[in-house]
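Here is the file upload-v3.txt (compact mmCIF, C-alpha atoms and all ligand atoms).
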# COMPACT_ATOMS: atom_id res chain seq x y z
CA MET A 51 61.01 8.94 -31.12
CA LYS A 52 59.04 8.18 -34.29
CA GLN A 53 59.37 4.50 -33.50
CA PHE A 54 57.99 5.16 -30.01
CA PHE A 55 54.87 6.93 -31.40
CA ARG A 56 54.37 4.15 -33.93
CA ILE A 57 54.35 1.56 -31.12
CA VAL A 58 51.95 3.63 -28.99
CA PHE A 59 49.67 4.07 -32.03
CA LEU A 60 49.69 0.37 -32.81
CA LEU A 61 48.97 -0.53 -29.18
CA ALA A 62 46.07 1.96 -28.99
CA LEU A 63 44.54 0.93 -32.33
CA PRO A 64 42.62 -2.14 -31.09
CA LEU A 65 41.18 -0.02 -28.26
CA VAL A 66 39.97 2.60 -30.73
CA ILE A 67 38.46 -0.07 -32.97
CA CYS A 68 36.72 -1.77 -30.01
CA SER A 69 35.25 1.44 -28.62
CA CYS A 70 34.00 2.46 -32.11
CA GLY A 71 31.92 -0.75 -32.26
CA ARG A 72 30.48 -0.29 -28.74
CA GLN A 73 28.41 2.80 -27.99
CA GLU A 74 27.97 4.34 -24.58
CA PRO A 75 24.87 2.80 -22.96
CA GLN A 76 21.76 4.93 -23.30
CA ARG A 77 19.20 5.20 -20.53
CA VAL A 78 15.65 4.18 -21.42
CA GLN A 79 12.84 4.62 -18.93
CA SER A 80 9.20 3.61 -18.84
CA VAL A 81 6.27 3.59 -16.43
CA GLY A 82 3.27 1.37 -17.11
CA THR A 83 0.82 -0.98 -15.46
CA ALA A 84 0.72 -4.77 -15.55
CA MET A 85 -0.26 -7.45 -13.03
CA GLY A 86 -2.57 -4.85 -11.46
CA THR A 87 0.40 -2.77 -10.35
CA VAL A 88 2.86 -0.11 -11.50
CA ILE A 89 5.93 -1.21 -13.47
CA GLN A 90 8.88 1.20 -13.52
CA GLN A 91 11.83 0.48 -15.76
CA ASN A 92 15.17 2.18 -15.87
CA ILE A 93 17.47 0.41 -18.34
CA TYR A 94 20.95 1.15 -19.64
CA THR A 95 21.42 -0.36 -23.08
CA GLN A 96 23.76 -0.15 -26.04
CA GLY A 97 20.99 -1.45 -28.25
CA GLU A 98 17.29 -0.87 -28.80
CA ASP A 99 14.65 0.16 -26.28
CA CYS A 100 13.52 -3.13 -24.74
CA THR A 101 10.98 -1.78 -22.23
CA GLY A 102 8.08 -2.96 -24.42
CA ASP A 103 9.46 -6.52 -24.43
CA ILE A 104 9.61 -6.50 -20.64
CA MET A 105 6.00 -5.30 -20.36
CA GLU A 106 4.96 -8.13 -22.70
CA LEU A 107 6.89 -10.61 -20.62
CA ILE A 108 5.08 -9.53 -17.41
CA ASP A 109 1.68 -9.59 -19.13
CA GLY A 110 2.48 -13.07 -20.49
CA LEU A 111 3.39 -14.37 -17.04
CA GLU A 112 0.11 -13.05 -15.62
CA GLU A 113 -2.01 -14.44 -18.49
CA GLN A 114 -0.33 -17.83 -18.77
CA THR A 115 0.65 -18.64 -15.21
CA LEU A 116 -0.32 -16.45 -12.28
CA SER A 117 -3.77 -14.96 -12.59
CA TRP A 118 -6.56 -16.49 -10.51
CA ARG A 119 -9.07 -14.51 -12.61
CA LEU A 120 -8.04 -15.25 -16.19
CA GLU A 121 -9.21 -18.55 -17.68
CA THR A 122 -6.02 -18.68 -19.74
CA SER A 123 -3.74 -19.14 -16.74
CA GLU A 124 -2.27 -22.27 -15.22
CA LEU A 125 -3.38 -21.14 -11.77
CA TYR A 126 -6.98 -20.88 -12.98
CA ARG A 127 -6.76 -24.43 -14.33
CA VAL A 128 -5.24 -25.63 -11.04
CA ASN A 129 -8.00 -24.02 -8.98
CA GLN A 130 -10.70 -25.43 -11.28
CA ALA A 131 -9.27 -28.92 -10.76
CA ALA A 132 -9.52 -28.77 -6.94
CA GLY A 133 -11.19 -31.91 -5.62
CA ASN A 134 -10.75 -34.11 -8.68
CA ASP A 135 -9.30 -37.58 -8.09
CA TYR A 136 -6.62 -37.51 -10.74
CA GLY A 137 -4.80 -34.29 -9.81
CA VAL A 138 -3.60 -31.67 -12.22
CA GLU A 139 -0.32 -31.75 -14.14
CA LEU A 140 1.93 -28.76 -13.47
CA THR A 141 4.56 -27.16 -15.66
CA GLU A 142 8.07 -27.66 -14.32
CA GLU A 143 8.32 -24.03 -13.25
CA SER A 144 5.01 -24.03 -11.38
CA ALA A 145 5.92 -27.29 -9.65
CA GLN A 146 9.15 -25.65 -8.46
CA VAL A 147 7.31 -22.49 -7.33
CA LEU A 148 4.77 -24.55 -5.37
CA ARG A 149 7.52 -26.64 -3.76
CA GLN A 150 9.28 -23.47 -2.59
CA CYS A 151 6.02 -22.00 -1.29
CA LEU A 152 5.16 -25.17 0.63
CA GLU A 153 8.61 -25.17 2.20
CA LEU A 154 8.12 -21.60 3.33
CA THR A 155 4.69 -22.45 4.75
CA GLU A 156 6.36 -25.08 6.88
CA ASP A 157 9.25 -22.82 7.92
CA SER A 158 6.88 -19.96 8.81
CA GLU A 159 4.57 -22.29 10.76
CA GLY A 160 1.72 -21.47 8.39
CA ALA A 161 2.06 -17.66 8.50
CA PHE A 162 2.79 -17.72 4.76
CA ASP A 163 0.28 -19.83 2.87
CA ILE A 164 -0.67 -19.61 -0.80
CA ALA A 165 -3.71 -21.82 -0.14
CA ILE A 166 -5.37 -18.75 1.35
CA GLY A 167 -7.54 -18.14 -1.75
CA PRO A 168 -11.05 -18.55 -0.24
CA THR A 169 -10.31 -16.10 2.61
CA ALA A 170 -8.52 -13.61 0.34
CA ARG A 171 -11.51 -13.66 -2.08
CA LEU A 172 -13.97 -13.16 0.78
CA TRP A 173 -12.19 -9.98 1.89
CA ASP A 174 -11.33 -8.92 -1.67
CA ILE A 175 -9.18 -6.08 -0.35
CA ASP A 176 -7.62 -5.73 -3.84
CA GLY A 177 -11.09 -5.11 -5.31
CA TRP A 178 -11.96 -2.49 -2.68
CA ALA A 179 -8.54 -0.81 -2.73
CA SER A 180 -8.52 -0.52 -6.52
CA GLY A 181 -12.03 0.92 -6.63
CA GLN A 182 -13.38 -2.03 -8.64
CA ARG A 183 -15.80 -2.63 -5.77
CA GLN A 184 -18.00 0.29 -4.88
CA GLY A 185 -20.29 0.99 -1.94
CA GLU A 186 -19.80 0.60 1.76
CA PHE A 187 -17.13 -1.87 2.81
CA GLN A 188 -18.02 -4.22 5.66
CA PRO A 189 -15.63 -6.79 7.10
CA PRO A 190 -16.92 -10.34 6.57
CA SER A 191 -19.08 -11.98 9.24
CA GLN A 192 -17.45 -14.47 11.61
CA ASP A 193 -19.55 -17.28 10.07
CA ASP A 194 -18.42 -16.48 6.53
CA LEU A 195 -14.85 -16.18 7.70
CA GLU A 196 -14.93 -19.55 9.42
CA GLN A 197 -16.41 -21.20 6.33
CA ALA A 198 -13.70 -19.67 4.14
CA LEU A 199 -10.92 -20.58 6.57
CA ALA A 200 -12.11 -24.21 6.59
CA LEU A 201 -11.22 -24.32 2.86
CA CYS A 202 -7.75 -22.79 3.36
CA GLY A 203 -4.39 -24.24 4.27
CA SER A 204 -1.59 -26.00 2.41
CA ASP A 205 -2.33 -29.20 4.33
CA ARG A 206 -5.16 -29.54 1.78
CA LEU A 207 -2.55 -29.86 -1.02
CA ARG A 208 -0.32 -32.72 -2.09
CA LEU A 209 2.40 -32.62 -4.74
CA GLN A 210 3.43 -35.87 -6.34
CA THR A 211 6.39 -36.12 -8.69
CA ASP A 212 6.68 -39.22 -10.86
CA VAL A 213 9.53 -40.05 -13.20
CA ASP A 214 8.38 -41.32 -16.58
CA PRO A 215 10.06 -44.79 -16.72
CA GLU A 216 10.59 -44.54 -20.49
CA GLY A 217 11.57 -40.92 -21.18
CA GLY A 218 13.10 -40.27 -17.75
CA SER A 219 11.37 -36.86 -17.51
CA GLU A 220 9.59 -35.80 -14.34
CA VAL A 221 5.89 -35.06 -14.10
CA THR A 222 4.45 -33.31 -11.05
CA LEU A 223 0.79 -33.62 -10.19
CA LEU A 224 -1.04 -31.45 -7.69
CA TYR A 225 -3.92 -32.93 -5.71
CA SER A 226 -6.06 -30.54 -3.71
CA GLU A 227 -9.25 -30.96 -1.73
CA ALA A 228 -12.53 -29.61 -3.12
CA GLY A 229 -12.96 -25.88 -2.53
CA THR A 230 -9.23 -25.19 -2.26
CA ALA A 231 -8.00 -22.12 -4.15
CA LEU A 232 -4.41 -20.96 -4.50
CA ASP A 233 -3.51 -17.28 -4.53
CA LEU A 234 -0.03 -16.39 -5.79
CA GLY A 235 -0.38 -12.68 -4.98
CA ALA A 236 2.40 -12.91 -2.40
CA VAL A 237 4.99 -14.26 -4.87
CA GLY A 238 3.87 -13.15 -8.34
CA LYS A 239 5.83 -9.91 -8.43
CA GLY A 240 8.96 -11.65 -7.25
CA LEU A 241 8.53 -14.36 -9.87
CA ALA A 242 8.19 -11.61 -12.48
CA LEU A 243 11.61 -10.32 -11.36
CA THR A 244 13.11 -13.77 -11.98
CA HIS A 245 11.73 -13.75 -15.54
CA ILE A 246 12.95 -10.19 -16.13
CA LEU A 247 16.41 -11.10 -14.85
CA GLU A 248 16.57 -14.00 -17.30
CA TYR A 249 15.62 -11.63 -20.11
CA LEU A 250 18.27 -9.06 -19.11
CA GLU A 251 20.96 -11.73 -18.82
CA GLY A 252 20.07 -12.94 -22.31
CA ASN A 253 20.49 -9.48 -23.85
CA PRO A 254 24.18 -8.50 -24.12
CA ASP A 255 23.27 -4.91 -25.07
CA ILE A 256 21.96 -4.29 -21.56
CA THR A 257 24.65 -3.16 -19.13
CA GLY A 258 22.52 -2.28 -16.11
CA ALA A 259 18.89 -1.88 -14.98
CA THR A 260 16.45 -1.39 -12.18
CA VAL A 261 12.92 -2.68 -12.71
CA SER A 262 10.21 -2.37 -10.10
CA VAL A 263 7.07 -4.48 -10.22
CA GLY A 264 4.81 -3.11 -7.48
CA GLY A 265 6.57 -3.65 -4.17
CA SER A 266 9.44 -5.68 -5.67
CA VAL A 267 12.55 -4.19 -7.29
CA LEU A 268 15.27 -5.88 -9.33
CA THR A 269 18.73 -4.33 -9.62
CA TYR A 270 21.05 -5.63 -12.33
CA GLY A 271 24.52 -4.93 -13.73
CA VAL A 272 26.33 -1.63 -13.35
CA LYS A 273 25.45 2.04 -13.63
CA PRO A 274 27.48 4.05 -16.16
CA ASP A 275 28.81 6.17 -13.26
CA ALA A 276 29.79 2.89 -11.49
CA GLY A 277 27.93 3.99 -8.32
CA PRO A 278 25.53 1.70 -6.45
CA TRP A 279 21.87 1.27 -7.37
CA ARG A 280 19.64 3.27 -5.04
CA VAL A 281 16.30 1.78 -4.03
CA GLY A 282 13.88 3.88 -2.00
CA ILE A 283 12.07 2.35 0.99
CA THR A 284 8.60 3.86 1.38
CA ASP A 285 7.66 5.40 4.70
CA PRO A 286 4.59 3.39 5.77
CA ALA A 287 3.31 6.40 7.74
CA ASP A 288 3.38 8.57 4.60
CA SER A 289 3.64 6.55 1.42
CA ALA A 290 4.42 9.67 -0.63
CA ARG A 291 7.87 9.86 0.95
CA ASN A 292 10.85 7.60 1.50
CA LEU A 293 11.95 6.40 4.89
CA GLY A 294 15.39 5.66 3.56
CA ILE A 295 17.49 4.46 0.65
CA LEU A 296 19.18 1.12 0.07
CA SER A 297 22.48 1.21 -1.84
CA LEU A 298 23.10 -2.03 -3.71
CA GLU A 299 25.88 -3.19 -6.01
CA GLY A 300 24.98 -5.52 -8.89
CA GLN A 301 22.08 -7.96 -8.93
CA TRP A 302 19.58 -8.03 -6.05
CA CYS A 303 15.85 -8.38 -5.44
CA VAL A 304 14.20 -6.08 -2.91
CA SER A 305 10.60 -6.78 -1.85
CA THR A 306 8.43 -4.82 0.51
CA SER A 307 5.15 -5.87 2.12
CA GLY A 308 3.27 -3.10 3.90
CA ASP A 309 -0.12 -2.28 5.36
CA TYR A 310 -0.20 0.92 3.27
CA GLU A 311 -0.02 -0.85 -0.11
CA ARG A 312 -3.61 -2.06 -0.51
CA PHE A 313 -6.23 -1.38 2.09
CA VAL A 314 -9.75 -0.20 2.79
CA GLU A 315 -10.83 1.76 5.85
CA ALA A 316 -14.11 1.38 7.73
CA GLY A 317 -15.12 2.55 11.20
CA GLY A 318 -11.64 4.01 11.75
CA VAL A 319 -9.97 0.62 11.15
CA ARG A 320 -7.52 -0.08 8.31
CA TYR A 321 -8.14 -3.48 6.71
CA HIS A 322 -5.08 -4.32 4.59
CA HIS A 323 -4.32 -7.12 2.13
CA ILE A 324 -1.87 -9.31 4.10
CA LEU A 325 -3.90 -11.87 6.00
CA ASP A 326 -3.00 -13.95 9.01
CA PRO A 327 -4.02 -17.51 8.11
CA ALA A 328 -4.47 -18.25 11.83
CA THR A 329 -7.28 -15.71 12.28
CA GLY A 330 -8.42 -14.90 8.73
CA TYR A 331 -8.00 -11.19 9.59
CA PRO A 332 -5.44 -8.73 8.24
CA ALA A 333 -2.19 -9.57 10.05
CA ASP A 334 -1.73 -7.55 13.21
CA SER A 335 1.82 -8.36 14.23
CA GLY A 336 2.84 -4.88 15.33
CA LEU A 337 4.51 -4.12 11.97
CA SER A 338 3.56 -1.70 9.25
CA ALA A 339 6.17 -2.79 6.68
CA VAL A 340 8.93 -5.31 6.00
CA THR A 341 11.59 -5.10 3.28
CA VAL A 342 13.64 -8.16 2.33
CA VAL A 343 16.76 -8.29 0.15
CA THR A 344 17.85 -11.56 -1.50
CA LYS A 345 19.35 -12.65 -4.81
CA ASP A 346 16.15 -14.48 -5.76
CA GLY A 347 12.90 -12.66 -6.58
CA LEU A 348 10.42 -15.32 -5.54
CA LEU A 349 12.18 -15.68 -2.20
CA SER A 350 12.35 -11.95 -1.42
CA ASP A 351 8.65 -11.55 -2.23
CA ALA A 352 7.55 -14.63 -0.27
CA LEU A 353 9.74 -13.75 2.72
CA SER A 354 8.51 -10.16 2.95
CA THR A 355 4.92 -11.40 3.19
CA ALA A 356 5.86 -14.16 5.65
CA CYS A 357 7.89 -11.80 7.86
CA PHE A 358 5.06 -9.26 7.90
CA VAL A 359 2.64 -11.88 9.26
CA LEU A 360 5.17 -13.32 11.72
CA GLY A 361 6.18 -9.99 13.25
CA ARG A 362 9.55 -8.71 14.34
CA GLU A 363 11.16 -11.53 16.36
CA LYS A 364 9.97 -14.57 14.42
CA GLY A 365 10.34 -12.69 11.12
CA MET A 366 13.94 -11.84 11.91
CA LYS A 367 14.63 -15.51 12.66
CA LEU A 368 13.04 -16.63 9.39
CA ALA A 369 14.99 -14.08 7.32
CA LYS A 370 18.25 -15.25 8.90
CA GLN A 371 17.34 -18.90 8.27
CA TYR A 372 17.09 -18.06 4.54
CA GLY A 373 20.27 -15.93 4.54
CA ALA A 374 18.20 -12.84 3.64
CA GLU A 375 18.61 -9.26 4.83
CA ALA A 376 15.48 -7.68 6.29
CA LEU A 377 14.27 -4.32 7.56
CA PHE A 378 11.19 -4.10 9.79
CA VAL A 379 9.21 -0.95 10.48
CA ASP A 380 6.89 -1.28 13.44
CA LYS A 381 3.68 0.65 13.96
CA SER A 382 5.43 3.28 16.07
CA GLY A 383 7.91 3.92 13.21
CA GLU A 384 10.85 2.16 14.87
CA ILE A 385 13.23 0.49 12.40
CA ILE A 386 14.89 -2.86 13.15
CA MET A 387 17.36 -4.49 10.73
CA THR A 388 19.42 -7.62 10.27
CA PRO A 389 23.11 -6.75 10.78
CA GLY A 390 23.81 -7.18 7.04
CA MET A 391 21.14 -4.60 6.16
CA GLU A 392 22.69 -1.83 8.27
CA PRO A 393 25.51 -0.86 5.85
CA LEU A 394 23.05 -0.87 2.93
CA PHE A 395 20.44 1.42 4.48
CA GLN A 396 20.57 5.14 4.87
CA ALA A 397 17.70 6.92 6.58
CA VAL A 398 16.23 10.00 4.89
CA GLN A 399 16.37 12.95 7.29
P1 LIG B 401 2.55 -9.07 -0.68
O1 LIG B 401 2.03 -7.76 -1.08
O2 LIG B 401 3.65 -9.62 -1.52
O3 LIG B 401 2.90 -9.14 0.78
O4 LIG B 401 1.39 -10.15 -0.92
C1 LIG B 401 0.08 -9.96 -0.44
C2 LIG B 401 -0.86 -10.77 -1.30
O5 LIG B 401 -0.64 -12.17 -1.06
C3 LIG B 401 -2.32 -10.51 -0.96
O6 LIG B 401 -2.88 -9.55 -1.82
C4 LIG B 401 -2.95 -11.90 -1.16
O7 LIG B 401 -3.22 -12.09 -2.53
C5 LIG B 401 -1.85 -12.85 -0.76
N1 LIG B 401 -1.78 -13.15 0.69
C6 LIG B 401 -2.38 -12.49 1.73
N2 LIG B 401 -2.03 -13.02 2.91
C7 LIG B 401 -1.17 -14.04 2.63
C8 LIG B 401 -0.46 -14.98 3.44
N3 LIG B 401 -0.54 -14.99 4.76
N4 LIG B 401 0.32 -15.90 2.80
C9 LIG B 401 0.42 -15.91 1.45
N5 LIG B 401 -0.24 -15.06 0.64
C10 LIG B 401 -1.01 -14.13 1.22
MG MG B 402 5.25 -10.84 -1.07
What would you get if you wrote out this structure as structure tokens?
Ligand code: AMP
Ligand code: MG
Amino acid sequence: MKQFFRIVFLLALPLVICSCGRQEPQRVQSVGTAMGTVIQQNIYTQGEDCTGDIMELIDGLEEQTLSWRLETSELYRVNQAAGNDYGVELTEESAQVLRQCLELTEDSEGAFDIAIGPTARLWDIDGWASGQRQGEFQPPSQDDLEQALALCGSDRLRLQTDVDPEGGSEVTLLYSEAGTALDLGAVGKGLALTHILEYLEGNPDITGATVSVGGSVLTYGVKPDAGPWRVGITDPADSARNLGILSLEGQWCVSTSGDYERFVEAGGVRYHHILDPATGYPADSGLSAVTVVTKDGLLSDALSTACFVLGREKGMKLAKQYGAEALFVDKSGEIIMTPGMEPLFQAVQ
């Protein structure tokens, strides 16, 4: 008998030693603002609170890469260089982002287009919605809209990748016609999720997390109770409540584009921030929101914007083409989903 207990003790010893070295993950939470939107973090870690690092990472991405306003950003430099003969050299990551965006422009027949800058600036829905612009909002005149639209469209861009014959490294140059301006508002939050995911994967103390950057949410790892992550889908008719909940296991990116996110109202009309490049007006495709679930953040964010502009039928086709799950809410409140979304979604009664 003694012998038996000795064996059990010896077998259990490594387990005891291992679990002494590893604490139970603690939950750290934070709510802040960055990239002009709300950042909510919910992180399970066996180490230190890393929510400050993640805020810095998002701020850095905005300052160094994405902002069309800040002179420090790559996008600012790219827009300043529009019309020059020698193009502008891109970082490897930006070249890859632009390639993906151009592919999606083609696949969405122009419904998604990051070269929408001049029209987006003319409307400046973000400025009105955030209260930065005061006074009486008026939609732009048809003349102004036509002038802005003439400067939009990815057909005014050309990417050229050359391989350095000596070093073998690739250099990508962007050429754009004078007056062109890129706007990465439709993909920036998703790209932030990609950077956050890289950070989480590089930190072995972190066992699970959900991080939401505006309308895009990253789920990662496992919950201590081993249940699925639960991501709320906002009801576009009443943005204070949820329409339903998505249950997701492991790592996913969930992006929503909706007419309730940023808008200004005038004369009983809601002018929202997602524009139809074909008309220059806020997209009027019969939808009030689209949610897309994919592994990749940039893709979920880009697809949700594209599907919103395309509407239900064409949007569904595009989502399927990219192997993404999608949920469409039309203006009457009807919900339409890809078959793969159905088991993930539960409506709130
Ligand atoms: P999201 O909220 O991700 O759907 O992105 C909307 C933002 O993307 C807007 O605030 C604009 O900055 C930009 N945008 C608006 N319309 C389009 C469009 N058709 N294609 C690409 N970007 C757009
Ligand atoms: Mg988007």
### Query
Using all atoms listed in the file, which residues sit within 8 Å of Ala339 (chain A) once same-chain residues fewer than 2 positions away are excluded, as a PyMOL selection string?
chain A and resi 286+306-309+337+341+358+378-380
What would the file look like if the residues just selected were written as a compact mmCIF listing (two decimals), in the frame of the given file with C-alpha atoms?
# COMPACT_ATOMS: atom_id res chain seq x y z
CA PRO A 286 4.59 3.39 5.77
CA THR A 306 8.43 -4.82 0.51
CA SER A 307 5.15 -5.87 2.12
CA GLY A 308 3.27 -3.10 3.90
CA ASP A 309 -0.12 -2.28 5.36
CA LEU A 337 4.51 -4.12 11.97
CA THR A 341 11.59 -5.10 3.28
CA PHE A 358 5.06 -9.26 7.90
CA PHE A 378 11.19 -4.10 9.79
CA VAL A 379 9.21 -0.95 10.48
CA ASP A 380 6.89 -1.28 13.44
### Task
Pick out the closest residue to ligand MG 402 (chain B) from this set: A:Ile385, A:Val340, A:Ile89, A:Ala376. Count only C-alpha atoms and all ligand atoms.
A:Val340
Please report, as a Markdown table, each residue of chain A lying at most 12 Å from ligand MG 402 (chain B), together with the nearest pair of atoms and the separation in Å rounded to one decimal; use all atoms listed in the file, and order rows by chain and ascending residue number.
| residue | atom | partner | partner_atom | distance |
| --- | --- | --- | --- | --- |
| A:Cys151 | CA | B:MG402 | MG | 11.2 |
| A:Leu154 | CA | B:MG402 | MG | 12.0 |
| A:Phe162 | CA | B:MG402 | MG | 9.3 |
| A:Asp163 | CA | B:MG402 | MG | 11.0 |
| A:Ile164 | CA | B:MG402 | MG | 10.6 |
| A:Asp233 | CA | B:MG402 | MG | 11.4 |
| A:Leu234 | CA | B:MG402 | MG | 9.0 |
| A:Gly235 | CA | B:MG402 | MG | 7.1 |
| A:Ala236 | CA | B:MG402 | MG | 3.8 |
| A:Val237 | CA | B:MG402 | MG | 5.1 |
| A:Gly238 | CA | B:MG402 | MG | 7.8 |
| A:Lys239 | CA | B:MG402 | MG | 7.4 |
| A:Gly240 | CA | B:MG402 | MG | 7.3 |
| A:Leu241 | CA | B:MG402 | MG | 10.0 |
| A:Ala242 | CA | B:MG402 | MG | 11.8 |
| A:Val263 | CA | B:MG402 | MG | 11.3 |
| A:Gly264 | CA | B:MG402 | MG | 10.1 |
| A:Gly265 | CA | B:MG402 | MG | 7.9 |
| A:Ser266 | CA | B:MG402 | MG | 8.1 |
| A:Val267 | CA | B:MG402 | MG | 11.7 |
| A:Cys303 | CA | B:MG402 | MG | 11.7 |
| A:Val304 | CA | B:MG402 | MG | 10.3 |
| A:Ser305 | CA | B:MG402 | MG | 6.8 |
| A:Thr306 | CA | B:MG402 | MG | 7.0 |
| A:Ser307 | CA | B:MG402 | MG | 5.9 |
| A:Gly308 | CA | B:MG402 | MG | 9.4 |
| A:Asp309 | CA | B:MG402 | MG | 12.0 |
| A:Glu311 | CA | B:MG402 | MG | 11.3 |
| A:His323 | CA | B:MG402 | MG | 10.8 |
| A:Ile324 | CA | B:MG402 | MG | 8.9 |
| A:Leu325 | CA | B:MG402 | MG | 11.6 |
| A:Ala339 | CA | B:MG402 | MG | 11.2 |
| A:Val340 | CA | B:MG402 | MG | 9.7 |
| A:Thr341 | CA | B:MG402 | MG | 9.6 |
| A:Val342 | CA | B:MG402 | MG | 9.4 |
| A:Val343 | CA | B:MG402 | MG | 11.9 |
| A:Gly347 | CA | B:MG402 | MG | 9.6 |
| A:Leu348 | CA | B:MG402 | MG | 8.2 |
| A:Leu349 | CA | B:MG402 | MG | 8.5 |
| A:Ser350 | CA | B:MG402 | MG | 7.2 |
| A:Asp351 | CA | B:MG402 | MG | 3.7 |
| A:Ala352 | CA | B:MG402 | MG | 4.5 |
| A:Leu353 | CA | B:MG402 | MG | 6.6 |
| A:Ser354 | CA | B:MG402 | MG | 5.2 |
| A:Thr355 | CA | B:MG402 | MG | 4.3 |
| A:Ala356 | CA | B:MG402 | MG | 7.5 |
| A:Cys357 | CA | B:MG402 | MG | 9.4 |
| A:Phe358 | CA | B:MG402 | MG | 9.1 |
| A:Val359 | CA | B:MG402 | MG | 10.7 |
Store the residues of this selection in a file with C-alpha atoms, as a PDB file, in the frame of the given file.
ATOM      1  CA  CYS A 151       6.020 -22.000  -1.290  1.00  0.00           C
ATOM      2  CA  LEU A 154       8.120 -21.600   3.330  1.00  0.00           C
ATOM      3  CA  PHE A 162       2.790 -17.720   4.760  1.00  0.00           C
ATOM      4  CA  ASP A 163       0.280 -19.830   2.870  1.00  0.00           C
ATOM      5  CA  ILE A 164      -0.670 -19.610  -0.800  1.00  0.00           C
ATOM      6  CA  ASP A 233      -3.510 -17.280  -4.530  1.00  0.00           C
ATOM      7  CA  LEU A 234      -0.030 -16.390  -5.790  1.00  0.00           C
ATOM      8  CA  GLY A 235      -0.380 -12.680  -4.980  1.00  0.00           C
ATOM      9  CA  ALA A 236       2.400 -12.910  -2.400  1.00  0.00           C
ATOM     10  CA  VAL A 237       4.990 -14.260  -4.870  1.00  0.00           C
ATOM     11  CA  GLY A 238       3.870 -13.150  -8.340  1.00  0.00           C
ATOM     12  CA  LYS A 239       5.830  -9.910  -8.430  1.00  0.00           C
ATOM     13  CA  GLY A 240       8.960 -11.650  -7.250  1.00  0.00           C
ATOM     14  CA  LEU A 241       8.530 -14.360  -9.870  1.00  0.00           C
ATOM     15  CA  ALA A 242       8.190 -11.610 -12.480  1.00  0.00           C
ATOM     16  CA  VAL A 263       7.070  -4.480 -10.220  1.00  0.00           C
ATOM     17  CA  GLY A 264       4.810  -3.110  -7.480  1.00  0.00           C
ATOM     18  CA  GLY A 265       6.570  -3.650  -4.170  1.00  0.00           C
ATOM     19  CA  SER A 266       9.440  -5.680  -5.670  1.00  0.00           C
ATOM     20  CA  VAL A 267      12.550  -4.190  -7.290  1.00  0.00           C
ATOM     21  CA  CYS A 303      15.850  -8.380  -5.440  1.00  0.00           C
ATOM     22  CA  VAL A 304      14.200  -6.080  -2.910  1.00  0.00           C
ATOM     23  CA  SER A 305      10.600  -6.780  -1.850  1.00  0.00           C
ATOM     24  CA  THR A 306       8.430  -4.820   0.510  1.00  0.00           C
ATOM     25  CA  SER A 307       5.150  -5.870   2.120  1.00  0.00           C
ATOM     26  CA  GLY A 308       3.270  -3.100   3.900  1.00  0.00           C
ATOM     27  CA  ASP A 309      -0.120  -2.280   5.360  1.00  0.00           C
ATOM     28  CA  GLU A 311      -0.020  -0.850  -0.110  1.00  0.00           C
ATOM     29  CA  HIS A 323      -4.320  -7.120   2.130  1.00  0.00           C
ATOM     30  CA  ILE A 324      -1.870  -9.310   4.100  1.00  0.00           C
ATOM     31  CA  LEU A 325      -3.900 -11.870   6.000  1.00  0.00           C
ATOM     32  CA  ALA A 339       6.170  -2.790   6.680  1.00  0.00           C
ATOM     33  CA  VAL A 340       8.930  -5.310   6.000  1.00  0.00           C
ATOM     34  CA  THR A 341      11.590  -5.100   3.280  1.00  0.00           C
ATOM     35  CA  VAL A 342      13.640  -8.160   2.330  1.00  0.00           C
ATOM     36  CA  VAL A 343      16.760  -8.290   0.150  1.00  0.00           C
ATOM     37  CA  GLY A 347      12.900 -12.660  -6.580  1.00  0.00           C
ATOM     38  CA  LEU A 348      10.420 -15.320  -5.540  1.00  0.00           C
ATOM     39  CA  LEU A 349      12.180 -15.680  -2.200  1.00  0.00           C
ATOM     40  CA  SER A 350      12.350 -11.950  -1.420  1.00  0.00           C
ATOM     41  CA  ASP A 351       8.650 -11.550  -2.230  1.00  0.00           C
ATOM     42  CA  ALA A 352       7.550 -14.630  -0.270  1.00  0.00           C
ATOM     43  CA  LEU A 353       9.740 -13.750   2.720  1.00  0.00           C
ATOM     44  CA  SER A 354       8.510 -10.160   2.950  1.00  0.00           C
ATOM     45  CA  THR A 355       4.920 -11.400   3.190  1.00  0.00           C
ATOM     46  CA  ALA A 356       5.860 -14.160   5.650  1.00  0.00           C
ATOM     47  CA  CYS A 357       7.890 -11.800   7.860  1.00  0.00           C
ATOM     48  CA  PHE A 358       5.060  -9.260   7.900  1.00  0.00           C
ATOM     49  CA  VAL A 359       2.640 -11.880   9.260  1.00  0.00           C
TER      50      VAL A 359
END
### Query
So which residues are close to (16.0, -5.8, 8.6), meaning at most 6 Å away in the file's coordinates with only C-alpha atoms counted, and can you show them as a list in words?
Glu375, Ala376, Leu377, Phe378, Ile386, Met387, Thr388 and Met391 of chain A
#### Entry: Nearest residue to Leu111 (chain A) from the set A:Gly137, A:Trp173, A:Gln150, A:Ile246 (distances using all atoms listed in the file)
A:Ile246
### Task
Compile the contact shell of Val88 (chain A) as a PyMOL selection string: residues with an atom at most 9 Å away, counting only C-alpha atoms, same-chain residues fewer than 2 positions apart removed.
chain A and resi 81-86+90+262-265
### Task
Would you mind listing what lies within 12 Å of Ser297 (chain A) as an MDAnalysis selection string, with all atoms listed in the file counted and same-chain residues fewer than 4 positions away left out?
chainID A and resid 269 277:283 301:302 304 343 391:397
### Message
Would you compute the distance between CA of Leu360 (chain A) and CA of Gly330 (chain A)? Give it in Å to one decimal.
### Response
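Distance between the two atoms: 14.0 Å.
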